[in-house]
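Here the structure comes first, spelled out in structure tokens, and everything after it is commentary.
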Amino acid sequence: MRGRYSGRCGFAGGRHSSSRSNDGRGYHGNPCLTMHQPWASLLVHGIKRVEGRSWPSPITGRLWIHAASKVPDPDTIKAMEDFYREIYAVDGITGIKFPDHYPVSRLLGCVEVVGCLRSEELVCWEHVPESVRLEGLTDFCWLCENPQKLVVPFEMRGYQGVYNLERRIYDGAVRGLLPVQGPLPVKFPLPDPRDPFSLKPGSLTFAASKPTLQKSESVAAAIAGARTAATQFSKKDRKAAASSEIGTEEQSWGSHGGSSSVDCNGLSIVHGSYAHLQNQNRPSIFPSTQANSQNPNSEPRRSPRLEFGASNRWH
């Protein structure tokens, strides 16, 4: 089963330091994801434990995190730090140590992707802290453990989607990693302890009488602020999706609305980019792509690499 394509939602894998793709081709190098700040640093520092996307995780195992070039404005940083203060307070965690700064155009560190669930599954999962459930705000939730940060972040450019880290960068970065202890580290339990690949969309079942996930006014306000902070990126990402038939990156907090409570019985959400879901069963190695020729802003590929999502380069 190791590294086998799961078919149902394009996710398979297990808990190990190496990474595998979901297309049956086994290892695909050192996958990296470019994220905007402050979300990138919050993930590497172990504060953020769920990476939200409009598409399911194409890999499991180590995922390198790169910060895009856009400098975060103070209001965005405040909104996200307020969000995490509020949701951690639900679990009795206070005095969170946030990053001193949010560097851009840098490789920051890595996390281990151990599973992928749909939002309506995560918010009802009582075996994880409530603060983790409150992070389930987007269609697909990549579950992350074991954050590690670089002592000295590496300057580099990134790409959209999940792409291979250049070997020379990897060789330097892997020697400079330090483990990070987040405010409330989580080990996500496997639905089937005998199957290390069982934590995937559709793998959790709930009783018909499952209660709603209630949110206080302060938590609801913090969630609204986090969504507003992400709106500045989601519009650009939707535009990228329209010009690409491969799919697109969506920022960690989607702009779709929500109420102060989440129904764990048949919650309905809009499931991601149609273009991505339509093409998720295609091979993930693209020597050339239609999206690359259609988009005038994309650059020719300099070397073969596995890439999931849009092909535009992050500057």
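Residue names in the structure tokens use chain letters A, B, ... in the order shown, residue numbers from 1 in each chain, and ligand numbers from 1 in the order shown.
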Give me the segment 23-101 of chain A side of the contact with segment 147-153 of chain A, cut-off 10 Å, one line per residue showing its nearest atom pair and distance in Å at one decimal, counting only C-alpha atoms, sorted by chain and residue number, as a tab-separated table.
```
residue	atom	partner	partner_atom	distance
A:Ser41	CA	A:Lys149	CA	8.9
A:Leu43	CA	A:Pro147	CA	7.4
A:Val44	CA	A:Pro147	CA	5.3
A:His45	CA	A:Pro147	CA	6.5
A:Gly46	CA	A:Pro147	CA	5.6
A:Ile47	CA	A:Pro147	CA	9.3
A:Lys48	CA	A:Pro147	CA	9.6
A:Arg49	CA	A:Pro147	CA	8.9
A:Arg62	CA	A:Pro147	CA	9.5
A:Leu63	CA	A:Pro147	CA	9.7
A:Trp64	CA	A:Gln148	CA	9.4
A:Ile65	CA	A:Lys149	CA	9.3
A:His66	CA	A:Pro153	CA	9.2
A:Ala67	CA	A:Pro153	CA	9.8
```
Same residues, N, CA, C and O atoms, saved as a PDB file, in the first residue's frame:
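New file result30.pdb:
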```
ATOM      1  N   SER A  41       5.049  31.311   8.218  1.00  0.00           N
ATOM      2  CA  SER A  41       5.794  31.236   9.476  1.00  0.00           C
ATOM      3  C   SER A  41       4.961  30.616  10.588  1.00  0.00           C
ATOM      4  O   SER A  41       5.490  29.879  11.430  1.00  0.00           O
ATOM      5  N   LEU A  43       2.883  28.257  10.308  1.00  0.00           N
ATOM      6  CA  LEU A  43       2.919  26.812  10.118  1.00  0.00           C
ATOM      7  C   LEU A  43       4.253  26.231  10.575  1.00  0.00           C
ATOM      8  O   LEU A  43       4.306  25.237  11.314  1.00  0.00           O
ATOM      9  N   VAL A  44       5.343  26.840  10.180  1.00  0.00           N
ATOM     10  CA  VAL A  44       6.668  26.333  10.515  1.00  0.00           C
ATOM     11  C   VAL A  44       6.944  26.450  12.020  1.00  0.00           C
ATOM     12  O   VAL A  44       7.680  25.634  12.590  1.00  0.00           O
ATOM     13  N   HIS A  45       6.339  27.432  12.676  1.00  0.00           N
ATOM     14  CA  HIS A  45       6.528  27.611  14.116  1.00  0.00           C
ATOM     15  C   HIS A  45       5.584  26.746  14.937  1.00  0.00           C
ATOM     16  O   HIS A  45       5.558  26.849  16.165  1.00  0.00           O
ATOM     17  N   GLY A  46       4.792  25.905  14.293  1.00  0.00           N
ATOM     18  CA  GLY A  46       3.946  24.967  15.007  1.00  0.00           C
ATOM     19  C   GLY A  46       2.685  25.569  15.590  1.00  0.00           C
ATOM     20  O   GLY A  46       1.949  24.893  16.319  1.00  0.00           O
ATOM     21  N   ILE A  47       2.407  26.824  15.277  1.00  0.00           N
ATOM     22  CA  ILE A  47       1.180  27.472  15.751  1.00  0.00           C
ATOM     23  C   ILE A  47       0.008  27.047  14.881  1.00  0.00           C
ATOM     24  O   ILE A  47      -1.059  26.703  15.370  1.00  0.00           O
ATOM     25  N   LYS A  48       0.217  27.039  13.619  1.00  0.00           N
ATOM     26  CA  LYS A  48      -0.761  26.576  12.633  1.00  0.00           C
ATOM     27  C   LYS A  48      -0.519  25.089  12.406  1.00  0.00           C
ATOM     28  O   LYS A  48       0.576  24.664  12.089  1.00  0.00           O
ATOM     29  N   ARG A  49      -1.564  24.291  12.573  1.00  0.00           N
ATOM     30  CA  ARG A  49      -1.412  22.846  12.445  1.00  0.00           C
ATOM     31  C   ARG A  49      -2.198  22.264  11.281  1.00  0.00           C
ATOM     32  O   ARG A  49      -2.058  21.080  10.965  1.00  0.00           O
ATOM     33  N   ARG A  62       7.322  14.703   4.466  1.00  0.00           N
ATOM     34  CA  ARG A  62       7.914  16.029   4.651  1.00  0.00           C
ATOM     35  C   ARG A  62       7.501  16.983   3.530  1.00  0.00           C
ATOM     36  O   ARG A  62       7.573  16.646   2.347  1.00  0.00           O
ATOM     37  N   LEU A  63       7.093  18.179   3.942  1.00  0.00           N
ATOM     38  CA  LEU A  63       6.748  19.245   3.008  1.00  0.00           C
ATOM     39  C   LEU A  63       7.506  20.495   3.423  1.00  0.00           C
ATOM     40  O   LEU A  63       7.331  21.018   4.526  1.00  0.00           O
ATOM     41  N   TRP A  64       8.361  20.979   2.526  1.00  0.00           N
ATOM     42  CA  TRP A  64       9.105  22.205   2.779  1.00  0.00           C
ATOM     43  C   TRP A  64       8.190  23.406   2.587  1.00  0.00           C
ATOM     44  O   TRP A  64       7.317  23.397   1.715  1.00  0.00           O
ATOM     45  N   ILE A  65       8.400  24.444   3.397  1.00  0.00           N
ATOM     46  CA  ILE A  65       7.561  25.636   3.360  1.00  0.00           C
ATOM     47  C   ILE A  65       8.411  26.845   2.973  1.00  0.00           C
ATOM     48  O   ILE A  65       9.428  27.153   3.597  1.00  0.00           O
ATOM     49  N   HIS A  66       7.953  27.527   1.924  1.00  0.00           N
ATOM     50  CA  HIS A  66       8.628  28.711   1.399  1.00  0.00           C
ATOM     51  C   HIS A  66       7.690  29.904   1.512  1.00  0.00           C
ATOM     52  O   HIS A  66       6.493  29.791   1.240  1.00  0.00           O
ATOM     53  N   ALA A  67       8.217  31.043   1.927  1.00  0.00           N
ATOM     54  CA  ALA A  67       7.418  32.262   2.050  1.00  0.00           C
ATOM     55  C   ALA A  67       7.487  33.062   0.762  1.00  0.00           C
ATOM     56  O   ALA A  67       8.570  33.329   0.235  1.00  0.00           O
TER      57      ALA A  67
END
```
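Using only C-alpha atoms, the contacts of Cys141 of chain A at a cut-off of 10 Å, with sequence neighbours closer than 3 positions omitted, comprise Arg49, Val50, Glu51, Gly52, Arg53, Ser54, Trp55, Pro56, Ser57, Gly115, Cys116, Leu117, Arg118, Ser119, Glu120, Glu121, Leu122, Glu135, Gly136, Leu137, Thr138, Cys144, Lys200, Pro201 and Ser252 of chain A.
Computed from the coordinates, the atom CA of Leu108 of chain A to atom CA of Tyr170 of chain A distance equals 11.8 Å.
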Atom pair atom CA of His36 of chain A / atom CA of Asp82 of chain A: separation (Å): 17.5 Å
If DSSP is run on the backbone, what residues of segment 20-254 of chain A are alpha helix (DSSP H)? A reply as a count of residues only would be ideal. 64
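Among the candidates A:Thr60, A:Thr76, A:Gln37, A:Asn164, the residue lying nearest to Arg106 of chain A is A:Gln37 (atoms considered: only C-alpha atoms).
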With only C-alpha atoms as the counted atoms, please give the residues lying no more than 7 Å from Glu145 of chain A, apart from itself and same-chain residues fewer than 3 positions off, as a compact mmCIF listing (two decimals) with N, CA, C and O atoms, in the first residue's frame.
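Written file, out.txt:
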```txt
# COMPACT_ATOMS: atom_id res chain seq x y z
N ARG A 49 -1.56 24.29 12.57
CA ARG A 49 -1.41 22.85 12.45
C ARG A 49 -2.20 22.26 11.28
O ARG A 49 -2.06 21.08 10.97
N VAL A 111 7.33 20.83 7.52
CA VAL A 111 6.39 20.11 8.39
C VAL A 111 6.21 18.72 7.79
O VAL A 111 6.65 18.45 6.67
N GLU A 112 5.53 17.86 8.53
CA GLU A 112 5.18 16.54 8.01
C GLU A 112 3.68 16.46 7.80
O GLU A 112 2.90 16.62 8.75
N VAL A 113 3.27 16.27 6.57
CA VAL A 113 1.86 16.09 6.26
C VAL A 113 1.49 14.64 6.54
O VAL A 113 2.02 13.73 5.90
N VAL A 114 0.61 14.42 7.49
CA VAL A 114 0.28 13.05 7.92
C VAL A 114 -1.10 12.61 7.46
O VAL A 114 -1.46 11.44 7.60
N VAL A 186 0.07 18.38 18.16
CA VAL A 186 -0.97 17.38 17.98
C VAL A 186 -0.40 16.19 17.21
O VAL A 186 0.32 16.35 16.23
N LYS A 187 -0.73 14.99 17.69
CA LYS A 187 -0.51 13.76 16.93
C LYS A 187 -1.87 13.27 16.47
O LYS A 187 -2.69 12.85 17.28
```
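Comparing A:Ala221, A:Leu184, A:Cys32, A:Ala40 by their smallest distance to Pro129 of chain A, the closest is A:Leu184 (using only C-alpha atoms).
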Could you give me, as a PyMOL selection string, the residues within 7 Å of segment 94-104 of chain A, counting only C-alpha atoms and dropping anything in the same chain fewer than 6 positions from it? chain A and resi 37-38+41+67-71+85+88+183
